[in-house]
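See structure below.
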Amino acid sequence: MSGKNGSIKLVAGNSNPALAQEIASWLQLSLTKASVRRFADMEIFVEIQENVRGSDVFIIQSTSYPVNDHLMELLIVTDALRRASARRITAVIPYFGYARQDRKVGSRSPISAKLVSNLITNAGVDRVMTLDLHAGQIQGFFDIPTDNLYASPVMVRDIKEKFDLANVMVVSPDVGGVARARGLAKRINTPLAIVDKRRERAGESEVMNVIGDVAGYTCILVDDIVDSGGTLVNAADALLANGAKDVYAYITHGVLSGGAAARITGSKLKELVITDSIQPTDAVINSPNIRTLPIASLIADAIGRTASEESVSSLFD
């Protein structure tokens, strides 16, 4: 496959090689040969082992755990490509780490998402492509074109295959996620409910009440990130206590740090469905009620449209 203004090259970091290979397969391309390794002191070394001069290069790298290592890989790969005379460099970041730090939460606190955006831009990236940003306004943190893709088409297709929509209600696990949940509910023509919660401290949540009549419905919780899993578990308990028949969750990014997978496994959630924007751990793979949706085809379509200078937003019309 060739772009409108030159050949397409795909370069993968170490964050999610399986996803990178799937994207390459969809585009009928081979990943560009590159070495991304570490010295004995864990310093990162990158060597691009193919000619990329004049090419339209896409770096596929989620900034997931270990976040700082994968971010540095992205920056150094970008520098190597820029010095190798790549015509255009697009950072494809399925999961954008630091996105939850998109505003000051108190005095003398940072806006780390803006700092990371500056680092990526100044490293030499010409364009950014990401998936379900935690806050859409982060696109404005970049002074370069930024495409925020949405996993909803993949989720909608799966939900339509798995459920009788007449008995489904979409639920936002908090007030902040109402717009996202409303968008999905509109796509599948189902009612909407909201779980009102009070977060006492970072990483913990306490569910207060449910806004909406969920009795008798199969409830689908929708959100962008699941980390500790506490919010989902508490939300599922609250929905079932209010008469919900079953509770499922569709979440784009399965961060699932620490004992989150075990927490989900032991919860009343019927199933947690995540995308493979983050490479799943063994605990996630082995959990009986966590399932992964492939996202490679969506990202591959967006890459192909970007390379041929076609509309990306039409993927979600």
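Following the order of the structure tokens, chains are lettered A, B, ..., residues in each are numbered from 1, and ligands are numbered from 1.
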If we count only C-alpha atoms, what is near range 35-47 of chain A at a cut-off of 10 Å, once residues fewer than 4 positions away on the same chain are taken out, given as a PDB file with all heavy atoms, in the first residue's frame?
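File written: out_9.pdb
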```pdb
ATOM      1  N   VAL A  11       6.138   1.519  11.976  1.00  0.00           N
ATOM      2  CA  VAL A  11       7.189   1.209  12.944  1.00  0.00           C
ATOM      3  C   VAL A  11       6.522   0.934  14.281  1.00  0.00           C
ATOM      4  O   VAL A  11       5.665   1.706  14.725  1.00  0.00           O
ATOM      5  CB  VAL A  11       8.194   2.367  13.078  1.00  0.00           C
ATOM      6  CG1 VAL A  11       9.249   2.039  14.133  1.00  0.00           C
ATOM      7  CG2 VAL A  11       8.856   2.664  11.740  1.00  0.00           C
ATOM      8  N   ALA A  12       6.902  -0.148  14.935  1.00  0.00           N
ATOM      9  CA  ALA A  12       6.288  -0.524  16.211  1.00  0.00           C
ATOM     10  C   ALA A  12       7.297  -0.413  17.344  1.00  0.00           C
ATOM     11  O   ALA A  12       8.448  -0.827  17.210  1.00  0.00           O
ATOM     12  CB  ALA A  12       5.746  -1.948  16.144  1.00  0.00           C
ATOM     13  N   GLY A  13       6.836   0.174  18.455  1.00  0.00           N
ATOM     14  CA  GLY A  13       7.600   0.114  19.691  1.00  0.00           C
ATOM     15  C   GLY A  13       7.294  -1.188  20.407  1.00  0.00           C
ATOM     16  O   GLY A  13       6.700  -2.115  19.829  1.00  0.00           O
ATOM     17  N   ASN A  14       7.660  -1.268  21.672  1.00  0.00           N
ATOM     18  CA  ASN A  14       7.495  -2.512  22.429  1.00  0.00           C
ATOM     19  C   ASN A  14       6.214  -2.562  23.253  1.00  0.00           C
ATOM     20  O   ASN A  14       5.990  -3.542  23.961  1.00  0.00           O
ATOM     21  CB  ASN A  14       8.692  -2.708  23.370  1.00  0.00           C
ATOM     22  CG  ASN A  14       9.973  -3.003  22.611  1.00  0.00           C
ATOM     23  OD1 ASN A  14       9.964  -3.757  21.646  1.00  0.00           O
ATOM     24  ND2 ASN A  14      11.080  -2.410  23.047  1.00  0.00           N
ATOM     25  N   ASP A  69       8.624   4.399  30.214  1.00  0.00           N
ATOM     26  CA  ASP A  69       9.483   3.681  29.267  1.00  0.00           C
ATOM     27  C   ASP A  69       8.900   3.749  27.858  1.00  0.00           C
ATOM     28  O   ASP A  69       9.615   4.004  26.888  1.00  0.00           O
ATOM     29  CB  ASP A  69       9.625   2.220  29.684  1.00  0.00           C
ATOM     30  CG  ASP A  69      10.635   2.031  30.805  1.00  0.00           C
ATOM     31  OD1 ASP A  69      11.063   3.047  31.383  1.00  0.00           O
ATOM     32  OD2 ASP A  69      10.993   0.882  31.100  1.00  0.00           O
ATOM     33  N   HIS A  70       7.614   3.496  27.741  1.00  0.00           N
ATOM     34  CA  HIS A  70       6.998   3.481  26.412  1.00  0.00           C
ATOM     35  C   HIS A  70       6.897   4.881  25.816  1.00  0.00           C
ATOM     36  O   HIS A  70       6.983   5.046  24.595  1.00  0.00           O
ATOM     37  CB  HIS A  70       5.624   2.809  26.489  1.00  0.00           C
ATOM     38  CG  HIS A  70       5.712   1.332  26.703  1.00  0.00           C
ATOM     39  ND1 HIS A  70       4.747   0.611  27.377  1.00  0.00           N
ATOM     40  CD2 HIS A  70       6.669   0.429  26.347  1.00  0.00           C
ATOM     41  CE1 HIS A  70       5.095  -0.664  27.409  1.00  0.00           C
ATOM     42  NE2 HIS A  70       6.250  -0.795  26.791  1.00  0.00           N
ATOM     43  N   MET A  72       9.196   7.240  26.363  1.00  0.00           N
ATOM     44  CA  MET A  72      10.558   7.516  25.901  1.00  0.00           C
ATOM     45  C   MET A  72      10.853   6.766  24.607  1.00  0.00           C
ATOM     46  O   MET A  72      11.512   7.304  23.703  1.00  0.00           O
ATOM     47  CB  MET A  72      11.576   7.136  26.974  1.00  0.00           C
ATOM     48  CG  MET A  72      11.723   8.163  28.087  1.00  0.00           C
ATOM     49  SD  MET A  72      12.180   9.808  27.491  1.00  0.00           S
ATOM     50  CE  MET A  72      13.746   9.480  26.682  1.00  0.00           C
ATOM     51  N   GLU A  73      10.378   5.551  24.477  1.00  0.00           N
ATOM     52  CA  GLU A  73      10.543   4.819  23.218  1.00  0.00           C
ATOM     53  C   GLU A  73       9.922   5.604  22.067  1.00  0.00           C
ATOM     54  O   GLU A  73      10.535   5.753  20.999  1.00  0.00           O
ATOM     55  CB  GLU A  73       9.877   3.437  23.300  1.00  0.00           C
ATOM     56  CG  GLU A  73      10.664   2.395  24.050  1.00  0.00           C
ATOM     57  CD  GLU A  73      10.025   1.019  23.934  1.00  0.00           C
ATOM     58  OE1 GLU A  73       9.093   0.853  23.115  1.00  0.00           O
ATOM     59  OE2 GLU A  73      10.447   0.110  24.668  1.00  0.00           O
ATOM     60  N   LEU A  74       8.718   6.116  22.272  1.00  0.00           N
ATOM     61  CA  LEU A  74       8.036   6.888  21.234  1.00  0.00           C
ATOM     62  C   LEU A  74       8.856   8.107  20.836  1.00  0.00           C
ATOM     63  O   LEU A  74       9.037   8.395  19.640  1.00  0.00           O
ATOM     64  CB  LEU A  74       6.657   7.312  21.737  1.00  0.00           C
ATOM     65  CG  LEU A  74       5.857   8.265  20.845  1.00  0.00           C
ATOM     66  CD1 LEU A  74       5.586   7.641  19.487  1.00  0.00           C
ATOM     67  CD2 LEU A  74       4.547   8.659  21.526  1.00  0.00           C
ATOM     68  N   ILE A  76      12.114   8.656  21.197  1.00  0.00           N
ATOM     69  CA  ILE A  76      13.401   8.326  20.581  1.00  0.00           C
ATOM     70  C   ILE A  76      13.200   7.749  19.180  1.00  0.00           C
ATOM     71  O   ILE A  76      13.979   8.038  18.263  1.00  0.00           O
ATOM     72  CB  ILE A  76      14.197   7.361  21.489  1.00  0.00           C
ATOM     73  CG1 ILE A  76      14.533   8.065  22.816  1.00  0.00           C
ATOM     74  CG2 ILE A  76      15.479   6.901  20.809  1.00  0.00           C
ATOM     75  CD1 ILE A  76      15.136   7.149  23.866  1.00  0.00           C
ATOM     76  N   VAL A  77      12.171   6.937  18.986  1.00  0.00           N
ATOM     77  CA  VAL A  77      11.860   6.443  17.644  1.00  0.00           C
ATOM     78  C   VAL A  77      11.549   7.620  16.720  1.00  0.00           C
ATOM     79  O   VAL A  77      11.997   7.665  15.565  1.00  0.00           O
ATOM     80  CB  VAL A  77      10.676   5.454  17.676  1.00  0.00           C
ATOM     81  CG1 VAL A  77      10.184   5.152  16.259  1.00  0.00           C
ATOM     82  CG2 VAL A  77      11.082   4.155  18.367  1.00  0.00           C
ATOM     83  N   THR A  78      10.797   8.592  17.228  1.00  0.00           N
ATOM     84  CA  THR A  78      10.479   9.787  16.438  1.00  0.00           C
ATOM     85  C   THR A  78      11.749  10.516  16.019  1.00  0.00           C
ATOM     86  O   THR A  78      11.911  10.907  14.852  1.00  0.00           O
ATOM     87  CB  THR A  78       9.573  10.740  17.242  1.00  0.00           C
ATOM     88  OG1 THR A  78       8.346  10.081  17.549  1.00  0.00           O
ATOM     89  CG2 THR A  78       9.280  12.012  16.456  1.00  0.00           C
ATOM     90  N   ASP A  79      12.667  10.688  16.952  1.00  0.00           N
ATOM     91  CA  ASP A  79      13.917  11.388  16.641  1.00  0.00           C
ATOM     92  C   ASP A  79      14.724  10.618  15.592  1.00  0.00           C
ATOM     93  O   ASP A  79      15.284  11.215  14.664  1.00  0.00           O
ATOM     94  CB  ASP A  79      14.742  11.570  17.912  1.00  0.00           C
ATOM     95  CG  ASP A  79      15.970  12.437  17.685  1.00  0.00           C
ATOM     96  OD1 ASP A  79      15.807  13.652  17.484  1.00  0.00           O
ATOM     97  OD2 ASP A  79      17.089  11.890  17.683  1.00  0.00           O
ATOM     98  N   ALA A  80      14.761   9.300  15.734  1.00  0.00           N
ATOM     99  CA  ALA A  80      15.499   8.482  14.764  1.00  0.00           C
ATOM    100  C   ALA A  80      14.900   8.620  13.368  1.00  0.00           C
ATOM    101  O   ALA A  80      15.633   8.749  12.371  1.00  0.00           O
ATOM    102  CB  ALA A  80      15.487   7.013  15.204  1.00  0.00           C
ATOM    103  N   LEU A  81      13.579   8.629  13.267  1.00  0.00           N
ATOM    104  CA  LEU A  81      12.911   8.764  11.966  1.00  0.00           C
ATOM    105  C   LEU A  81      13.121  10.147  11.369  1.00  0.00           C
ATOM    106  O   LEU A  81      13.331  10.302  10.167  1.00  0.00           O
ATOM    107  CB  LEU A  81      11.424   8.467  12.115  1.00  0.00           C
ATOM    108  CG  LEU A  81      11.045   7.016  12.418  1.00  0.00           C
ATOM    109  CD1 LEU A  81       9.587   6.922  12.830  1.00  0.00           C
ATOM    110  CD2 LEU A  81      11.319   6.115  11.216  1.00  0.00           C
TER     111      LEU A  81
END
```
Who sits within 9 Å of Pro145 in chain A, only C-alpha atoms, same chain under 2 positions skipped, as number ranges by chain: A: 126-129, 139, 142-143, 147
Taking all heavy atoms for each residue, export the selection above as a PDB file, in the first residue's frame.
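Result written to selection_15.pdb:
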```
ATOM      1  N   ASP A 126       4.621  14.926  13.356  1.00  0.00           N
ATOM      2  CA  ASP A 126       3.841  15.842  12.519  1.00  0.00           C
ATOM      3  C   ASP A 126       2.346  15.710  12.742  1.00  0.00           C
ATOM      4  O   ASP A 126       1.583  16.641  12.448  1.00  0.00           O
ATOM      5  CB  ASP A 126       4.131  15.569  11.032  1.00  0.00           C
ATOM      6  CG  ASP A 126       5.586  15.803  10.681  1.00  0.00           C
ATOM      7  OD1 ASP A 126       6.053  16.948  10.814  1.00  0.00           O
ATOM      8  OD2 ASP A 126       6.266  14.835  10.288  1.00  0.00           O
ATOM      9  N   ARG A 127       1.919  14.554  13.214  1.00  0.00           N
ATOM     10  CA  ARG A 127       0.487  14.299  13.392  1.00  0.00           C
ATOM     11  C   ARG A 127       0.309  13.244  14.472  1.00  0.00           C
ATOM     12  O   ARG A 127       1.152  12.350  14.618  1.00  0.00           O
ATOM     13  CB  ARG A 127      -0.130  13.826  12.073  1.00  0.00           C
ATOM     14  CG  ARG A 127      -1.639  13.707  12.089  1.00  0.00           C
ATOM     15  CD  ARG A 127      -2.201  13.219  10.754  1.00  0.00           C
ATOM     16  NE  ARG A 127      -3.620  13.507  10.682  1.00  0.00           N
ATOM     17  CZ  ARG A 127      -4.147  14.569  10.097  1.00  0.00           C
ATOM     18  NH1 ARG A 127      -3.352  15.449   9.500  1.00  0.00           N
ATOM     19  NH2 ARG A 127      -5.448  14.771  10.089  1.00  0.00           N
ATOM     20  N   VAL A 128      -0.784  13.334  15.229  1.00  0.00           N
ATOM     21  CA  VAL A 128      -1.084  12.361  16.279  1.00  0.00           C
ATOM     22  C   VAL A 128      -2.419  11.699  15.981  1.00  0.00           C
ATOM     23  O   VAL A 128      -3.375  12.354  15.554  1.00  0.00           O
ATOM     24  CB  VAL A 128      -1.113  13.036  17.670  1.00  0.00           C
ATOM     25  CG1 VAL A 128      -1.700  12.090  18.721  1.00  0.00           C
ATOM     26  CG2 VAL A 128       0.277  13.477  18.084  1.00  0.00           C
ATOM     27  N   MET A 129      -2.466  10.391  16.188  1.00  0.00           N
ATOM     28  CA  MET A 129      -3.715   9.645  16.078  1.00  0.00           C
ATOM     29  C   MET A 129      -3.874   8.839  17.358  1.00  0.00           C
ATOM     30  O   MET A 129      -2.960   8.113  17.754  1.00  0.00           O
ATOM     31  CB  MET A 129      -3.658   8.707  14.863  1.00  0.00           C
ATOM     32  CG  MET A 129      -4.936   7.929  14.598  1.00  0.00           C
ATOM     33  SD  MET A 129      -4.741   6.811  13.178  1.00  0.00           S
ATOM     34  CE  MET A 129      -4.472   7.992  11.851  1.00  0.00           C
ATOM     35  N   GLN A 139      -6.938  17.211  22.584  1.00  0.00           N
ATOM     36  CA  GLN A 139      -6.548  17.463  21.197  1.00  0.00           C
ATOM     37  C   GLN A 139      -5.973  18.866  21.045  1.00  0.00           C
ATOM     38  O   GLN A 139      -5.072  19.095  20.232  1.00  0.00           O
ATOM     39  CB  GLN A 139      -7.757  17.302  20.268  1.00  0.00           C
ATOM     40  CG  GLN A 139      -8.290  15.889  20.199  1.00  0.00           C
ATOM     41  CD  GLN A 139      -9.606  15.824  19.443  1.00  0.00           C
ATOM     42  OE1 GLN A 139      -9.613  15.704  18.221  1.00  0.00           O
ATOM     43  NE2 GLN A 139     -10.723  15.917  20.152  1.00  0.00           N
ATOM     44  N   PHE A 142      -2.093  19.721  21.622  1.00  0.00           N
ATOM     45  CA  PHE A 142      -1.120  19.545  20.550  1.00  0.00           C
ATOM     46  C   PHE A 142      -1.223  20.718  19.583  1.00  0.00           C
ATOM     47  O   PHE A 142      -2.329  21.149  19.238  1.00  0.00           O
ATOM     48  CB  PHE A 142      -1.389  18.244  19.784  1.00  0.00           C
ATOM     49  CG  PHE A 142      -1.114  16.998  20.561  1.00  0.00           C
ATOM     50  CD1 PHE A 142      -2.121  16.345  21.247  1.00  0.00           C
ATOM     51  CD2 PHE A 142       0.165  16.452  20.594  1.00  0.00           C
ATOM     52  CE1 PHE A 142      -1.879  15.184  21.956  1.00  0.00           C
ATOM     53  CE2 PHE A 142       0.423  15.291  21.296  1.00  0.00           C
ATOM     54  CZ  PHE A 142      -0.591  14.659  21.979  1.00  0.00           C
ATOM     55  N   ASP A 143      -0.074  21.204  19.124  1.00  0.00           N
ATOM     56  CA  ASP A 143      -0.058  22.253  18.103  1.00  0.00           C
ATOM     57  C   ASP A 143       0.123  21.662  16.714  1.00  0.00           C
ATOM     58  O   ASP A 143       0.630  22.324  15.802  1.00  0.00           O
ATOM     59  CB  ASP A 143       1.064  23.253  18.406  1.00  0.00           C
ATOM     60  CG  ASP A 143       0.798  24.024  19.695  1.00  0.00           C
ATOM     61  OD1 ASP A 143      -0.381  24.327  19.967  1.00  0.00           O
ATOM     62  OD2 ASP A 143       1.754  24.315  20.426  1.00  0.00           O
ATOM     63  N   ASP A 147      -6.033  13.402  15.506  1.00  0.00           N
ATOM     64  CA  ASP A 147      -7.262  12.654  15.247  1.00  0.00           C
ATOM     65  C   ASP A 147      -7.594  11.803  16.462  1.00  0.00           C
ATOM     66  O   ASP A 147      -6.805  10.939  16.861  1.00  0.00           O
ATOM     67  CB  ASP A 147      -7.101  11.743  14.021  1.00  0.00           C
ATOM     68  CG  ASP A 147      -6.965  12.533  12.731  1.00  0.00           C
ATOM     69  OD1 ASP A 147      -7.768  13.447  12.508  1.00  0.00           O
ATOM     70  OD2 ASP A 147      -6.040  12.229  11.956  1.00  0.00           O
TER      71      ASP A 147
END
```
Every residue of range 51-238 of chain A that DSSP places in alpha helix (DSSP H), as JSON, numbers by chain: {"A": [67, 68, 69, 70, 71, 72, 73, 74, 75, 76, 77, 78, 79, 80, 81, 82, 83, 112, 113, 114, 115, 116, 117, 118, 119, 120, 121, 122, 123, 152, 153, 154, 155, 156, 157, 158, 159, 160, 161, 162, 178, 179, 180, 181, 182, 183, 184, 185, 186, 187, 188, 230, 231, 232, 233, 234, 235, 236, 237, 238]}
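Excluding Phe96 in chain A itself and any same-chain residue fewer than 3 positions from it, the protein and nucleic acid residues within 9 Å of it, counting only C-alpha atoms, are Ser62, Thr63, Ser64, Ile93, Ala99, Ala113, Thr130, Leu131, Asp132, Leu133 and His134 of chain A.
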Excluding Ile295 in chain A and its own-chain neighbours fewer than 3 positions away, which residues fall within 8 Å of it when counting only C-alpha atoms? Please give them as a PyMOL selection string. chain A and resi 151+154+275-277+298-299
Filtering to C-alpha atoms, could you give me those residues as a PDB file, in the first residue's frame?
```
ATOM      1  CA  ALA A 151     -14.094   2.607  19.582  1.00  0.00           C
ATOM      2  CA  VAL A 154     -16.609  -1.756  17.170  1.00  0.00           C
ATOM      3  CA  THR A 275     -10.295  -3.367  23.371  1.00  0.00           C
ATOM      4  CA  ASP A 276      -6.702  -4.418  22.752  1.00  0.00           C
ATOM      5  CA  SER A 277      -5.460  -0.796  22.738  1.00  0.00           C
ATOM      6  CA  LEU A 298     -10.443   0.572  12.853  1.00  0.00           C
ATOM      7  CA  ILE A 299      -6.939   1.959  13.343  1.00  0.00           C
TER       8      ILE A 299
END
```
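For the residues A:Gly136, A:Pro94, A:Gly216, A:Gly54, ranking by smallest atom-to-atom distance to Arg82 in chain A using only C-alpha atoms places A:Gly54 first.
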Show me, as a list in words, the residues that have an atom within 9 Å of Gln101 in chain A when counting only C-alpha atoms, minus same-chain residues fewer than 2 positions from it. Tyr98, Ala99, Arg103, Lys104, Val105, Pro110, Ile111, Ser112, Ala113 and Lys114 of chain A
Go ahead and write the selection's residues with N, CA and C atoms as a compact mmCIF listing (two decimals), in the first residue's frame.
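New file result23.txt:
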```
# COMPACT_ATOMS: atom_id res chain seq x y z
N TYR A 98 -1.18 9.54 30.71
CA TYR A 98 -1.23 10.88 31.31
C TYR A 98 -2.48 11.66 30.92
N ALA A 99 -3.40 11.03 30.16
CA ALA A 99 -4.60 11.75 29.73
C ALA A 99 -5.50 12.13 30.90
N ARG A 103 -5.96 18.68 33.67
CA ARG A 103 -6.29 19.97 34.28
C ARG A 103 -5.64 20.04 35.66
N LYS A 104 -5.54 21.24 36.21
CA LYS A 104 -5.04 21.39 37.57
C LYS A 104 -6.10 20.91 38.55
N VAL A 105 -5.72 20.00 39.44
CA VAL A 105 -6.68 19.48 40.42
C VAL A 105 -6.50 20.15 41.78
N PRO A 110 0.49 19.87 38.41
CA PRO A 110 0.81 20.02 36.98
C PRO A 110 -0.39 19.72 36.08
N ILE A 111 -0.24 20.05 34.82
CA ILE A 111 -1.15 19.57 33.78
C ILE A 111 -0.29 18.66 32.90
N SER A 112 -0.11 17.45 33.35
CA SER A 112 0.87 16.55 32.74
C SER A 112 0.52 16.17 31.30
N ALA A 113 -0.76 16.11 30.98
CA ALA A 113 -1.15 15.78 29.60
C ALA A 113 -0.62 16.82 28.63
N LYS A 114 -0.62 18.08 29.03
CA LYS A 114 -0.08 19.15 28.19
C LYS A 114 1.43 19.00 28.05
```
From a DSSP calculation on the backbone, collect every residue of range 103-258 of chain A in strand (DSSP E) and output the set as a PyMOL selection string. chain A and resi 127-131+146-149+168-172+192-198+206-211+218-226+246-254
Between A:Thr281, A:Leu115, A:Arg187, A:Asp102, which residue has the minimum interatomic distance to Asp317 in chain A, considering only C-alpha atoms? A:Arg187
List as a list of chain:residue names the protein and nucleic acid residues near range 163-167 of chain A, meaning an atom at most 6 Å away when only C-alpha atoms are counted, but skip any in the same chain fewer than 2 places from it. A:Ile159, A:Lys160, A:Tyr217, A:Thr218
Could you tell me how far CA of Val284 in chain A sits from CA of Leu256 in chain A, in Å to one decimal place? 8.0 Å
Best match for closeness to Ala296 in chain A among A:Ala20, A:Ile264, A:Ala215, A:Ala34, counting only C-alpha atoms: A:Ala20
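Of the listed residues (A:Ile144, A:Leu272, A:Ile285, A:Ala179), A:Ile144 comes nearest to Asn122 in chain A; the distances count only C-alpha atoms.
Going from CA of Ser297 in chain A over to CA of Leu119 in chain A, you cover 28.4 Å.
With only C-alpha atoms as the atoms that count, the residue of A:Ala262, A:Ile60, A:Val255, A:Leu315 with the shortest distance to Val233 in chain A is A:Ala262.
Distance annotation: of A:Ser257, A:Thr306, A:Thr231, A:Thr252, the residue with the minimal separation from Pro294 in chain A is A:Thr252; atom set is only C-alpha atoms.
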